[in-house]
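Shown next: entry.txt, containing compact mmCIF, C-alpha atoms and all ligand atoms.
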```
# COMPACT_ATOMS: atom_id res chain seq x y z
CA MET A 52 11.82 15.98 -0.48
CA GLY A 53 11.40 12.26 -1.05
CA THR A 54 13.46 9.72 -2.90
CA THR A 55 13.69 9.76 -6.66
CA ASP A 56 11.10 7.00 -7.02
CA THR A 57 8.69 8.74 -4.67
CA ARG A 58 8.95 11.98 -6.61
CA LEU A 59 8.50 10.21 -9.93
CA ASP A 60 5.45 8.39 -8.51
CA LEU A 61 4.01 11.71 -7.41
CA LEU A 62 4.61 13.29 -10.82
CA ARG A 63 2.86 10.39 -12.53
CA GLY A 64 0.00 9.94 -10.05
CA SER A 65 -2.62 7.69 -11.61
CA LEU A 66 -1.73 8.60 -15.19
CA PRO A 67 -1.37 5.54 -17.42
CA THR A 68 2.18 4.30 -17.73
CA ARG A 69 4.28 3.48 -20.73
CA ASN A 70 7.67 1.83 -20.53
CA HIS A 71 10.70 3.00 -22.41
CA ASN A 72 11.33 1.31 -25.72
CA ALA A 73 13.96 1.81 -28.41
CA ARG A 74 11.79 4.46 -30.06
CA THR A 75 11.46 6.54 -26.88
CA VAL A 76 15.14 6.17 -25.94
CA ALA A 77 16.14 7.27 -29.46
CA ALA A 78 13.75 10.24 -29.21
CA LEU A 79 15.12 11.21 -25.79
CA ALA A 80 18.65 11.00 -27.14
CA ALA A 81 17.62 13.20 -30.08
CA ASN A 82 16.78 16.08 -27.70
CA PRO A 83 19.01 15.56 -24.66
CA GLY A 84 18.42 19.12 -23.42
CA CYS A 85 14.72 18.57 -22.70
CA ALA A 86 14.20 18.15 -18.96
CA ARG A 87 10.44 17.84 -19.46
CA ARG A 88 10.74 14.73 -21.58
CA GLY A 89 13.50 13.44 -19.32
CA VAL A 90 11.35 13.43 -16.16
CA MET A 91 8.20 12.24 -17.91
CA ASP A 92 9.99 9.30 -19.50
CA ALA A 93 11.73 8.48 -16.23
CA ALA A 94 8.32 8.52 -14.52
CA GLY A 95 6.98 6.25 -17.29
CA ILE A 96 4.12 8.63 -18.09
CA ASP A 97 2.01 7.92 -21.15
CA LYS A 98 2.36 11.34 -22.78
CA THR A 99 -0.51 10.67 -25.19
CA VAL A 100 -2.93 10.85 -22.26
CA LEU A 101 -1.26 13.95 -20.87
CA ALA A 102 -1.45 15.66 -24.28
CA ALA A 103 -5.19 14.95 -24.37
CA ARG A 104 -5.61 16.51 -20.90
CA LEU A 105 -3.75 19.56 -22.20
CA GLY A 106 -6.38 19.82 -24.94
CA GLN A 107 -3.78 18.79 -27.55
CA ALA A 108 -4.88 15.23 -28.34
CA THR A 109 -2.99 13.93 -31.32
CA ALA A 110 -2.99 10.73 -33.30
CA TYR A 111 0.57 9.71 -32.51
CA GLY A 112 2.54 6.60 -33.37
CA GLN A 113 1.49 3.72 -35.55
CA SER A 114 -2.13 3.22 -36.55
CA PRO A 115 -3.86 0.10 -35.14
CA PHE A 116 -3.90 -1.25 -38.71
CA ALA A 117 -0.12 -0.83 -39.04
CA ILE A 118 0.43 -2.51 -35.66
CA VAL A 119 -1.68 -5.55 -36.63
CA ARG A 120 0.06 -5.75 -40.00
CA GLY A 121 3.46 -5.51 -38.28
CA HIS A 122 2.64 -8.36 -35.88
CA ALA A 123 1.37 -10.57 -38.72
CA PHE A 124 4.52 -9.92 -40.76
CA GLU A 125 6.79 -10.64 -37.79
CA ALA A 126 4.96 -13.92 -37.11
CA LEU A 127 5.44 -14.87 -40.76
CA VAL A 128 9.20 -14.18 -40.60
CA LYS A 129 9.60 -16.22 -37.41
CA ALA A 130 7.29 -19.11 -38.37
CA ASP A 131 8.50 -22.72 -38.06
CA GLY A 132 10.99 -21.94 -35.32
CA GLY A 133 12.67 -19.23 -37.36
CA ALA A 134 13.30 -21.39 -40.46
CA GLY A 135 12.54 -18.48 -42.81
CA LEU A 136 14.67 -16.12 -40.74
CA ARG A 137 17.63 -18.55 -40.99
CA GLU A 138 17.32 -18.48 -44.78
CA LEU A 139 17.30 -14.69 -44.77
CA LEU A 140 20.39 -14.65 -42.52
CA HIS A 141 22.24 -16.97 -44.88
CA ASP A 142 21.26 -14.74 -47.79
CA VAL A 143 22.06 -11.35 -46.34
CA LEU A 144 25.23 -12.28 -44.44
CA GLY A 145 26.66 -14.30 -47.31
CA VAL A 146 27.32 -17.38 -45.18
CA PRO A 147 26.68 -20.97 -46.33
CA PRO A 148 23.16 -22.26 -45.47
CA GLU A 149 24.63 -24.84 -43.09
CA ALA A 150 26.24 -22.04 -41.04
CA VAL A 151 22.84 -20.90 -39.78
CA ALA A 152 20.65 -23.96 -40.30
CA ASP A 153 20.97 -25.29 -36.76
CA GLY A 154 20.86 -23.93 -33.23
CA GLU A 155 18.54 -23.16 -30.33
CA TYR A 156 15.42 -21.09 -30.92
CA ALA A 157 14.82 -19.36 -27.58
CA GLU A 158 11.43 -17.72 -27.13
CA LEU A 159 12.09 -15.01 -24.54
CA GLY A 160 9.05 -12.78 -25.04
CA GLY A 161 7.34 -14.23 -22.02
CA GLU A 162 4.20 -15.26 -23.90
CA LEU A 163 2.53 -18.16 -22.15
CA PRO A 164 1.67 -21.21 -24.24
CA GLU A 165 -2.04 -21.61 -24.93
CA ASP A 166 -2.19 -24.71 -22.73
CA ALA A 167 -0.51 -22.96 -19.77
CA GLU A 168 -2.15 -23.37 -16.40
CA GLN A 169 -4.65 -20.67 -15.49
CA ASP A 170 -2.72 -19.32 -12.53
CA LYS A 171 0.59 -19.15 -14.39
CA LYS A 172 1.83 -15.57 -14.71
CA ARG A 173 3.93 -13.96 -17.42
CA PRO A 174 7.52 -13.55 -16.25
CA GLY A 175 8.44 -10.09 -15.01
CA ARG A 176 11.00 -7.90 -16.75
CA GLU A 177 13.94 -8.80 -14.50
CA GLU A 178 13.15 -12.49 -14.97
CA ARG A 179 13.13 -11.99 -18.74
CA VAL A 180 16.47 -10.14 -18.54
CA ALA A 181 17.89 -13.10 -16.59
CA ARG A 182 16.55 -15.56 -19.19
CA THR A 183 18.07 -13.49 -21.98
CA ARG A 184 21.44 -13.50 -20.25
CA SER A 185 21.24 -17.29 -19.80
CA ALA A 186 20.37 -17.77 -23.48
CA LEU A 187 23.29 -15.53 -24.47
CA ARG A 188 25.65 -17.48 -22.20
CA ARG A 189 24.49 -20.78 -23.73
CA ALA A 190 24.94 -19.42 -27.27
CA LEU A 191 28.44 -18.23 -26.46
CA GLU A 192 29.47 -21.41 -24.65
CA ASP A 193 28.10 -23.66 -27.41
CA ALA A 194 29.49 -21.47 -30.20
CA ARG A 195 30.91 -23.45 -33.07
CA PRO A 196 30.66 -23.25 -36.86
CA GLY A 197 27.23 -24.27 -38.08
CA LEU A 198 25.43 -23.39 -34.88
CA CYS A 199 23.37 -20.20 -34.71
CA ALA A 200 20.99 -19.57 -31.84
CA ILE A 201 17.99 -17.33 -32.50
CA LEU A 202 16.78 -15.33 -29.51
CA ASP A 203 13.18 -14.29 -30.06
CA HIS A 204 12.19 -11.07 -28.22
CA PRO A 205 15.09 -10.95 -25.76
CA LEU A 206 14.96 -8.23 -23.09
CA LEU A 207 17.99 -6.01 -22.56
CA PRO A 208 18.46 -3.43 -19.80
CA LEU A 209 19.99 -0.02 -20.49
CA ASP A 210 20.77 2.77 -18.06
CA VAL A 211 19.02 5.94 -19.27
CA SER A 212 19.83 9.01 -17.16
CA GLY A 213 20.07 6.94 -14.02
CA THR A 214 16.97 4.80 -14.50
CA ARG A 215 16.78 1.30 -15.91
CA ALA A 216 15.07 1.00 -19.29
CA TYR A 217 14.15 -2.37 -20.81
CA LEU A 218 14.53 -2.86 -24.53
CA GLU A 219 13.11 -5.64 -26.64
CA PRO A 220 14.64 -6.23 -30.08
CA ASP A 221 12.58 -8.41 -32.41
CA ALA A 222 15.34 -11.03 -32.47
CA MET A 223 19.05 -11.67 -32.15
CA ALA A 224 21.11 -14.16 -34.10
CA CYS A 225 24.16 -15.53 -32.34
CA LEU A 226 26.76 -16.32 -33.37
CA ILE A 227 27.44 -16.00 -37.07
CA ALA A 228 31.13 -15.87 -37.98
CA GLY A 229 31.83 -14.95 -34.36
CA ARG A 230 29.42 -11.98 -34.18
CA LEU A 231 25.97 -11.36 -32.74
CA HIS A 232 23.46 -9.65 -34.99
CA VAL A 233 20.42 -7.66 -33.94
CA VAL A 234 17.44 -8.42 -36.20
CA GLU A 235 14.83 -5.71 -36.77
CA ILE A 236 11.58 -6.72 -38.46
CA LYS A 237 9.68 -3.78 -39.96
CA SER A 238 6.44 -3.76 -41.89
CA PHE A 239 7.36 -0.91 -44.28
CA SER A 240 8.04 -2.13 -47.80
CA VAL A 241 11.30 -2.30 -49.68
CA ILE A 242 10.35 -1.43 -53.24
CA ASP A 243 12.83 -2.04 -56.06
CA GLY A 244 15.58 -2.35 -53.46
CA GLY A 245 14.80 1.01 -51.80
CA ALA A 246 12.75 2.12 -48.80
CA ASP A 247 11.37 5.36 -47.38
CA PRO A 248 14.52 7.23 -46.14
CA ALA A 249 12.72 8.62 -43.06
CA LYS A 250 11.57 5.14 -42.02
CA LEU A 251 15.04 3.72 -42.65
CA ALA A 252 16.62 6.48 -40.57
CA SER A 253 14.17 5.86 -37.75
CA ALA A 254 14.85 2.08 -37.90
CA ALA A 255 18.61 2.77 -37.77
CA ARG A 256 18.24 5.02 -34.68
CA GLN A 257 16.17 2.38 -32.87
CA ALA A 258 18.55 -0.40 -33.88
CA ALA A 259 21.45 1.66 -32.51
CA VAL A 260 19.74 1.67 -29.10
CA TYR A 261 19.43 -2.13 -29.21
CA VAL A 262 23.06 -2.57 -30.24
CA LEU A 263 24.19 -0.26 -27.43
CA ALA A 264 22.14 -2.22 -24.87
CA LEU A 265 23.46 -5.54 -26.22
CA GLN A 266 27.06 -4.28 -26.12
CA GLN A 267 26.59 -3.35 -22.45
CA THR A 268 25.11 -6.75 -21.65
CA MET A 269 27.98 -8.48 -23.43
CA ALA A 270 30.50 -6.39 -21.49
CA GLU A 271 28.78 -7.45 -18.25
CA LEU A 272 29.10 -11.07 -19.40
CA GLY A 273 32.82 -10.53 -19.90
CA HIS A 274 32.92 -10.18 -23.69
CA PRO A 275 34.28 -7.33 -25.78
CA PRO A 276 31.58 -5.00 -27.15
CA ASP A 277 32.72 -5.58 -30.73
CA VAL A 278 31.36 -9.14 -30.58
CA VAL A 279 28.09 -7.32 -31.40
CA SER A 280 27.92 -6.48 -35.08
CA THR A 281 27.06 -2.91 -36.06
CA ASP A 282 25.47 -4.32 -39.21
CA VAL A 283 21.87 -4.82 -38.18
CA VAL A 284 19.75 -7.30 -40.16
CA LEU A 285 16.67 -5.41 -41.34
CA VAL A 286 13.79 -7.58 -42.55
CA CYS A 287 10.94 -5.94 -44.52
CA PRO A 288 8.22 -6.99 -46.96
CA LYS A 289 9.46 -7.03 -50.53
CA ASP A 290 7.81 -4.78 -53.11
CA PHE A 291 4.04 -4.99 -52.77
CA SER A 292 3.99 -8.54 -51.46
CA ASN A 293 4.24 -10.04 -47.99
CA GLN A 294 7.43 -11.86 -48.92
CA PRO A 295 10.25 -11.01 -46.48
CA THR A 296 13.52 -9.63 -47.74
CA ALA A 297 16.59 -8.74 -45.66
CA ALA A 298 19.27 -6.08 -45.92
CA LEU A 299 22.16 -4.99 -43.72
CA LEU A 300 21.86 -1.62 -42.03
CA ASP A 301 25.18 -0.08 -41.02
CA ILE A 302 24.39 1.79 -37.79
CA ARG A 303 27.90 2.85 -36.72
CA LYS A 304 27.09 6.55 -37.06
CA GLU A 305 23.78 6.29 -35.19
CA LEU A 306 25.47 4.21 -32.49
CA ALA A 307 28.15 6.85 -31.90
CA VAL A 308 25.56 9.65 -31.79
CA THR A 309 23.24 7.73 -29.45
CA ARG A 310 26.08 6.81 -27.10
CA ARG A 311 27.30 10.40 -26.95
CA ARG A 312 23.83 11.87 -26.41
CA LEU A 313 22.78 9.37 -23.77
CA ALA A 314 25.98 10.18 -21.91
CA ARG A 315 25.00 13.87 -22.02
CA LEU A 316 21.55 13.30 -20.52
CA ALA A 317 21.20 14.85 -17.11
CA ARG A 318 20.55 12.41 -14.31
CA VAL A 319 16.95 12.20 -13.18
CA ASP A 320 17.87 13.39 -9.67
CA ASP A 321 19.37 16.56 -11.12
CA LEU A 322 16.26 17.15 -13.25
CA LEU A 323 13.97 16.68 -10.25
CA ALA A 324 15.96 18.83 -7.82
CA PRO A 325 14.79 22.28 -9.06
CA LEU A 326 11.12 21.27 -9.49
CA PRO A 327 8.51 22.53 -7.00
CA ALA A 328 7.90 20.12 -4.14
CA GLY A 329 4.61 18.26 -4.53
CA LEU A 330 4.46 18.80 -8.31
CA SER A 331 2.18 16.31 -10.07
CA PHE A 332 0.97 16.09 -13.66
CA ASP A 333 -2.04 14.08 -12.56
CA LEU A 334 -4.70 16.63 -11.69
CA GLY A 335 -7.59 14.30 -12.50
CA GLU A 336 -9.52 13.64 -15.67
CA GLU A 337 -11.75 16.67 -15.17
CA ALA A 338 -8.94 19.16 -14.54
CA ALA A 339 -8.93 22.35 -16.62
CA PRO A 340 -6.34 22.17 -19.43
CA GLN A 341 -4.78 25.43 -18.15
CA ALA A 342 -4.12 23.87 -14.73
CA VAL A 343 -2.46 20.87 -16.38
CA ALA A 344 -0.50 23.26 -18.62
CA ASP A 345 0.76 25.15 -15.56
CA ALA A 346 1.98 21.89 -14.01
CA VAL A 347 3.71 20.82 -17.23
CA ALA A 348 5.22 24.28 -17.70
CA ALA A 349 6.93 23.95 -14.31
CA VAL A 350 9.44 21.64 -16.01
CA PRO A 351 11.66 23.35 -18.59
CA ALA A 352 11.40 22.13 -22.18
CA ALA A 353 13.67 22.53 -25.20
CA TYR A 354 11.33 22.45 -28.17
CA ILE A 355 12.84 21.82 -31.60
CA PRO A 356 10.93 21.09 -34.84
CA GLY A 357 12.09 17.45 -34.65
CA CYS A 358 9.77 17.05 -31.63
CA LEU A 359 6.83 17.00 -34.05
CA SER A 360 7.78 13.51 -35.17
CA THR A 361 9.12 12.14 -31.90
CA CYS A 362 7.08 13.45 -28.96
CA GLU A 363 3.40 13.42 -28.05
CA LEU A 364 3.64 16.85 -26.40
CA ALA A 365 5.01 18.56 -29.51
CA TYR A 366 1.98 20.77 -30.24
CA PHE A 367 1.79 21.97 -26.66
CA CYS A 368 5.53 22.67 -26.46
CA ARG A 369 5.57 24.37 -29.86
CA ALA A 370 2.75 26.75 -28.89
CA GLU A 371 4.51 27.47 -25.60
CA ALA A 372 7.86 28.10 -27.33
CA ARG A 373 6.27 30.37 -29.95
CA ALA A 374 4.43 32.39 -27.29
CA CYS A 375 7.51 32.83 -25.13
CA GLN A 376 8.63 36.46 -24.86
CA SER A 377 11.25 38.25 -22.83
CA GLY A 378 10.05 41.80 -23.43
CA HIS A 379 11.69 42.14 -26.84
CA GLY A 380 8.66 41.70 -29.06
CA PRO A 381 7.16 38.58 -30.58
CA GLY A 382 9.09 35.73 -32.11
CA GLY A 383 9.32 33.01 -29.49
CA LEU A 384 12.24 30.77 -28.69
CA ALA A 385 15.09 30.21 -31.15
CA GLY A 386 14.58 26.43 -30.93
CA THR A 387 11.39 26.79 -33.00
CA LEU A 388 13.66 27.66 -35.95
CA GLY A 389 15.65 24.42 -35.59
CA THR A 390 18.80 23.32 -33.83
CA ALA A 391 21.11 24.73 -36.54
CA ILE A 392 19.80 28.31 -36.16
CA ARG A 393 19.62 27.96 -32.38
CA GLY A 394 23.30 26.97 -32.46
CA GLU A 395 24.17 29.90 -34.79
CA LEU A 396 22.55 32.31 -32.34
CA GLY A 397 25.14 31.29 -29.78
CA GLY A 398 23.03 31.16 -26.64
CA ILE A 399 20.53 33.93 -27.51
CA ASP A 400 17.32 31.97 -26.93
CA ASP A 401 14.76 34.66 -27.72
CA ILE A 402 14.09 35.50 -31.37
CA GLY A 403 12.69 38.96 -30.43
CA ARG A 404 15.92 39.78 -28.61
CA ALA A 405 18.02 38.53 -31.52
CA LEU A 406 16.07 40.89 -33.81
CA ASP A 407 16.55 43.79 -31.38
CA LEU A 408 20.29 43.10 -31.28
CA ALA A 409 20.34 43.05 -35.08
CA ASP A 410 18.51 46.41 -35.17
CA GLY A 411 20.76 47.86 -32.51
CA LYS A 412 17.72 48.41 -30.27
CA CYS A 413 19.41 46.70 -27.35
CA ALA A 414 22.98 46.31 -26.22
CA PRO A 415 24.68 42.92 -26.10
CA GLU A 416 25.49 41.47 -22.73
CA ARG A 417 28.96 40.32 -21.86
CA GLY A 418 30.00 37.48 -24.15
CA GLU A 419 27.37 38.36 -26.78
CA GLU A 420 29.42 41.03 -28.56
CA GLU A 421 30.49 38.76 -31.43
CA ILE A 422 27.04 37.33 -32.21
CA ALA A 423 25.58 40.87 -31.94
CA ARG A 424 28.14 42.09 -34.49
CA VAL A 425 27.24 39.22 -36.85
CA LEU A 426 23.52 39.94 -36.46
CA ARG A 427 23.98 43.66 -37.14
CA ARG A 428 26.07 42.86 -40.24
CA ALA A 429 23.39 40.43 -41.48
CA GLU A 430 20.70 43.06 -40.92
CA ALA A 431 22.75 45.70 -42.78
CA LEU A 432 23.16 43.32 -45.74
CA ARG A 433 19.43 42.57 -45.71
CA ARG A 434 18.59 46.28 -45.84
CA GLU A 435 21.12 46.84 -48.61
CA VAL A 436 19.52 44.10 -50.73
CA LEU A 437 15.99 45.39 -50.03
CA ASP A 438 17.00 49.00 -50.91
CA ASP A 439 18.65 47.77 -54.11
CA VAL A 440 15.52 45.82 -55.13
CA ALA A 441 13.32 48.88 -54.36
CA ALA A 442 15.61 51.17 -56.37
CA ARG A 443 15.55 48.82 -59.38
CA ARG A 444 11.77 48.58 -59.18
CA SER A 445 11.27 52.35 -59.15
CA ALA A 446 13.85 52.80 -61.95
CA GLY A 447 11.98 50.21 -64.03
CA LEU A 448 8.68 51.94 -63.30
CA ALA A 449 10.07 55.35 -64.24
CA GLY A 450 11.44 53.91 -67.53
CA ALA A 451 8.10 52.36 -68.38
CA VAL A 452 6.28 55.68 -67.71
CA ALA A 453 8.78 57.61 -69.89
CA ALA A 454 8.39 55.12 -72.75
CA SER A 455 4.59 55.28 -72.72
S1 LIG B 1 7.80 18.02 -27.43
FE1 LIG B 1 8.23 19.10 -25.53
S2 LIG B 1 8.53 17.50 -23.99
FE2 LIG B 1 8.67 16.52 -25.97
S3 LIG B 1 10.89 16.53 -26.41
FE3 LIG B 1 10.01 18.35 -27.39
S4 LIG B 1 10.24 19.99 -25.91
FE4 LIG B 1 10.54 18.06 -24.82
```
So, in terms of structure tokens, how does the structure I just supplied come out?
Amino acid sequence: MGTTDTRLDLLRGSLPTRNHNARTVAALAANPGCARRGVMDAAGIDKTVLAARLGQATAYGQSPFAIVRGHAFEALVKADGGAGLRELLHDVLGVPPEAVADGEYAELGGELPEDAEQDKKRPGREERVARTRSALRRALEDARPGLCAILDHPLLPLDVSGTRAYLEPDAMACLIAGRLHVVEIKSFSVIDGGADPAKLASAARQAAVYVLALQQTMAELGHPPDVVSTDVVLVCPKDFSNQPTAALLDIRKELAVTRRRLARLARVDDLLAPLPAGLSFDLGEEAAPQAVADAVAAVPAAYIPGCLSTCELAYFCRAEARACQSGHGPGGLAGTLGTAIRGELGGIDDIGRALDLADGKCAPERGEEEIARVLRRAEALRREVLDDVAARRSAGLAGAVAAS
């Protein structure tokens, strides 16, 4: 057995890579029980490619049109050294214009200027993390009323189940009234003061990951975590125009949930330990989908309906979960019915077995007596209702025949 990195390299093989971002960390935190996603994300595997090799290619994520539109809108918000963004900050945070009008604008995205020398390379991730930390130190040391540094595309590290993820908020504003604010720029519209609730919820979950990473960085720099505001500045196009508007997004709840779930994630070493030695998901472009499926199936999954909107492997895992049987008839895994029902079933993972317990066709194991009693009671009530409906129907039918 090799080191963690060696095993992750072997799992990934020559599959294209994709780094963690706030979206993937939020998705991982949303299903902390899924070892399959845990090892694939730790190995940096692009799951879109793997899904295609499984014969389950899906159009996942933003369309190319939405990505281009998002970049154009972000450039508009940050134009002129962030002048427009400073106005939005003054507006949304209710501070005087002079409180945010001045301060450093630090471009930390690593983009090279157009006139850069040919052999100049983009800075690596650790170099960008170091630059972000320096910019934060400068902002904190220079802090005084009327000075607000804007950090454009900072890079923040975050430990995710024992591996280092790198997260890139659109911007950070520091300091305003003594607090740092994460700025999220989204291209979905705010119409008449409201936005799509699903998109808002997704933005809040991603922003919570940024705030968590920034709090950790601030703690490492010797500052209390609450110097980072949990009111994230969300900038979106207003109505049907391209005009930016800003609102505050309170992410305290999402932050608490994300922190708790990330803490519950198993460490990558523990996820790798039970896997077969030599396991790799890279069986070549021409590999039969069934062979790839067998390799993927070697890592336990925990499918829930939420996977459909957060994970590229959702269709594969759903089919697998639905087909899963333990000799108690069809039904699949309880997770396919959602986390609430899975929780209600108290550890009985197989729907077929839950139905057999309800019918009294099988005996509960030790510790399952209570849930078996509840299931039998529910089944008895169901039969009572069905019998009552049938009796009423036949009584109504008999009455109609007698009257005719
Ligand atoms: S789709 Fe599959 S791999 Fe992805 S999180 Fe869900 S169960 Fe895990």
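CA of Pro220 (chain A) sits 5.7 Å away from CA of His204 (chain A).
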Please provide the set of residues having any atom within 7 Å of Tyr156 (chain A), restricted to all atoms listed in the file, with same-chain residues fewer than 5 positions apart removed, written as a list in words.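 Non-adjacent residues within range: Gly132, Ala200, Ile201 and Leu202 of chain A.
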Give me, as a ChimeraX atom specification, the set of residues whose atoms come within 12 Å of any atom of ligand LIG 1 (chain B), counting only C-alpha atoms and all ligand atoms. /A:75-92,96-99,101-102,107,344,347-373,384,386-387,389-390
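Across the model, the gap from CA of Ser65 (chain A) to CA of Val319 (chain A) is 20.1 Å.
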Give as a ChimeraX atom specification the set of residues within 12 Å of the point (22.8, 3.1, -39.1), where distances use the file's coordinates and all atoms listed in the file. /A:248,250-262,280-285,298-309
Enclose the full set of atoms of region 94-103 of chain A listed in the file within a box whose edges lie along x, y and z, apply 5 Å of padding to each of the six sides, and report centre and edge lengths in Å to one decimal as lines of an AutoDock Vina configuration file.
```
center_x = 1.6
center_y = 11.0
center_z = -19.9
size_x = 23.5
size_y = 19.4
size_z = 20.7
```
Using all atoms listed in the file, which of A:Gly382, A:Gly197, A:Pro205, A:Gly245 sits nearest Glu162 (chain A)?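 Distance minimum relative to Glu162 (chain A) lands on A:Pro205.
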So, with only C-alpha atoms as the atoms that count, which of A:Asp203, A:Asp193, A:Asp333, A:Glu178 lies closest to Ala130 (chain A)?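 Checking each candidate against Ala130 (chain A), we get A:Asp203 as the closest.
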Atom pair CA of Ala405 (chain A) / CA of Leu388 (chain A): separation (Å): 12.5 Å
Which of these residues is nearest to Val241 (chain A), using only C-alpha atoms: A:Val286, A:Leu406, A:Ala339, A:Val436?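 Looking only at the distances to Val241 (chain A), the closest residue turns out to be A:Val286.
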Excluding Pro340 (chain A) and residues on its chain fewer than 6 positions from it, collect all residues at most 7 Å away from it, counting only C-alpha atoms, and give them as a ChimeraX atom specification. /A:104-106
Find the residues around Leu396 (chain A) up to 12 Å (all atoms listed in the file counted), leave out those fewer than 2 positions away in its own chain, and share them as a compact mmCIF listing (two decimals) with C-alpha atoms, keeping the file's coordinate frame.
```txt
# COMPACT_ATOMS: atom_id res chain seq x y z
CA LEU A 384 12.24 30.77 -28.69
CA ALA A 385 15.09 30.21 -31.15
CA GLY A 386 14.58 26.43 -30.93
CA LEU A 388 13.66 27.66 -35.95
CA GLY A 389 15.65 24.42 -35.59
CA THR A 390 18.80 23.32 -33.83
CA ALA A 391 21.11 24.73 -36.54
CA ILE A 392 19.80 28.31 -36.16
CA ARG A 393 19.62 27.96 -32.38
CA GLY A 394 23.30 26.97 -32.46
CA GLY A 398 23.03 31.16 -26.64
CA ILE A 399 20.53 33.93 -27.51
CA ASP A 400 17.32 31.97 -26.93
CA ASP A 401 14.76 34.66 -27.72
CA ILE A 402 14.09 35.50 -31.37
CA ARG A 404 15.92 39.78 -28.61
CA ALA A 405 18.02 38.53 -31.52
CA LEU A 406 16.07 40.89 -33.81
CA LEU A 408 20.29 43.10 -31.28
CA ALA A 409 20.34 43.05 -35.08
CA GLU A 419 27.37 38.36 -26.78
CA GLU A 420 29.42 41.03 -28.56
CA GLU A 421 30.49 38.76 -31.43
CA ILE A 422 27.04 37.33 -32.21
CA ALA A 423 25.58 40.87 -31.94
CA ARG A 424 28.14 42.09 -34.49
CA VAL A 425 27.24 39.22 -36.85
CA LEU A 426 23.52 39.94 -36.46
```
I'd like to know which of A:Gly229, A:Gly380, A:Gly64, A:Pro327 is closest to Gly95 (chain A), using only C-alpha atoms. A:Gly64
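Among the candidates A:Val146, A:Arg58, A:Gly397, A:Leu231, the residue lying nearest to Leu326 (chain A) is A:Arg58 (atoms considered: all atoms listed in the file).
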Excluding same-chain residues fewer than 2 positions from Val211 (chain A), what lies within 10 Å of it counting all atoms listed in the file, as a list in words? His71, Val76, Leu79, Ala80, Gly89, Asp92, Ala93, Pro208, Leu209, Gly213, Thr214, Arg215, Ala216, Tyr217, Leu313, Ala314, Leu316, Ala317, Arg318 and Val319 of chain A
Identify which of the residues A:Leu144, A:Ala117, A:Val100, A:Ala324 lies closest to His232 (chain A), counting all atoms listed in the file when measuring atom-to-atom distances. A:Leu144
How close does region 128-239 of chain A get to region 268-274 of chain A? List, as a Markdown table, each residue of region 128-239 of chain A within 10 Å, its nearest atom pair and the distance in Å to one decimal, counting all atoms listed in the file.
```
| residue | atom | partner | partner_atom | distance |
| --- | --- | --- | --- | --- |
| A:Val180 | CA | A:Thr268 | CA | 9.8 |
| A:Thr183 | CA | A:Thr268 | CA | 9.8 |
| A:Arg184 | CA | A:Thr268 | CA | 7.8 |
| A:Leu187 | CA | A:Met269 | CA | 8.5 |
| A:Arg188 | CA | A:Leu272 | CA | 7.8 |
| A:Leu191 | CA | A:His274 | CA | 9.6 |
| A:Leu207 | CA | A:Thr268 | CA | 7.2 |
| A:Pro208 | CA | A:Thr268 | CA | 7.7 |
| A:Leu209 | CA | A:Thr268 | CA | 8.5 |
| A:Leu231 | CA | A:Met269 | CA | 10.0 |
```
Using all atoms listed in the file, which protein or nucleic acid residues come within 12 Å of Ile242 (chain A)? Drop anything in the same chain fewer than 6 positions from it, and give the result as a list in words. Pro248, Cys287, Pro288, Lys289, Asp290, Phe291, Ser292, Asn293, Gln294, Pro295 and Thr296 of chain A
Give me region 271-276 of chain A with N, CA, C and O atoms filled in, as a compact mmCIF listing (two decimals), in the coordinates of the input.
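Produced file rebuild13.txt, reproduced below:
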```txt
# COMPACT_ATOMS: atom_id res chain seq x y z
N GLU A 271 29.05 -6.91 -19.59
CA GLU A 271 28.78 -7.45 -18.25
C GLU A 271 29.03 -8.95 -18.20
O GLU A 271 29.38 -9.50 -17.16
N LEU A 272 28.86 -9.62 -19.35
CA LEU A 272 29.10 -11.07 -19.40
C LEU A 272 30.57 -11.39 -19.67
O LEU A 272 30.94 -12.54 -19.86
N GLY A 273 31.38 -10.32 -19.75
CA GLY A 273 32.82 -10.53 -19.90
C GLY A 273 33.29 -10.67 -21.34
O GLY A 273 34.33 -11.26 -21.59
N HIS A 274 32.53 -10.10 -22.28
CA HIS A 274 32.92 -10.18 -23.69
C HIS A 274 33.15 -8.78 -24.24
O HIS A 274 32.51 -7.82 -23.80
N PRO A 275 34.04 -8.67 -25.23
CA PRO A 275 34.28 -7.33 -25.78
C PRO A 275 33.03 -6.84 -26.54
O PRO A 275 32.33 -7.65 -27.15
N PRO A 276 32.78 -5.53 -26.50
CA PRO A 276 31.58 -5.00 -27.15
C PRO A 276 31.54 -5.30 -28.65
O PRO A 276 30.46 -5.44 -29.23
```
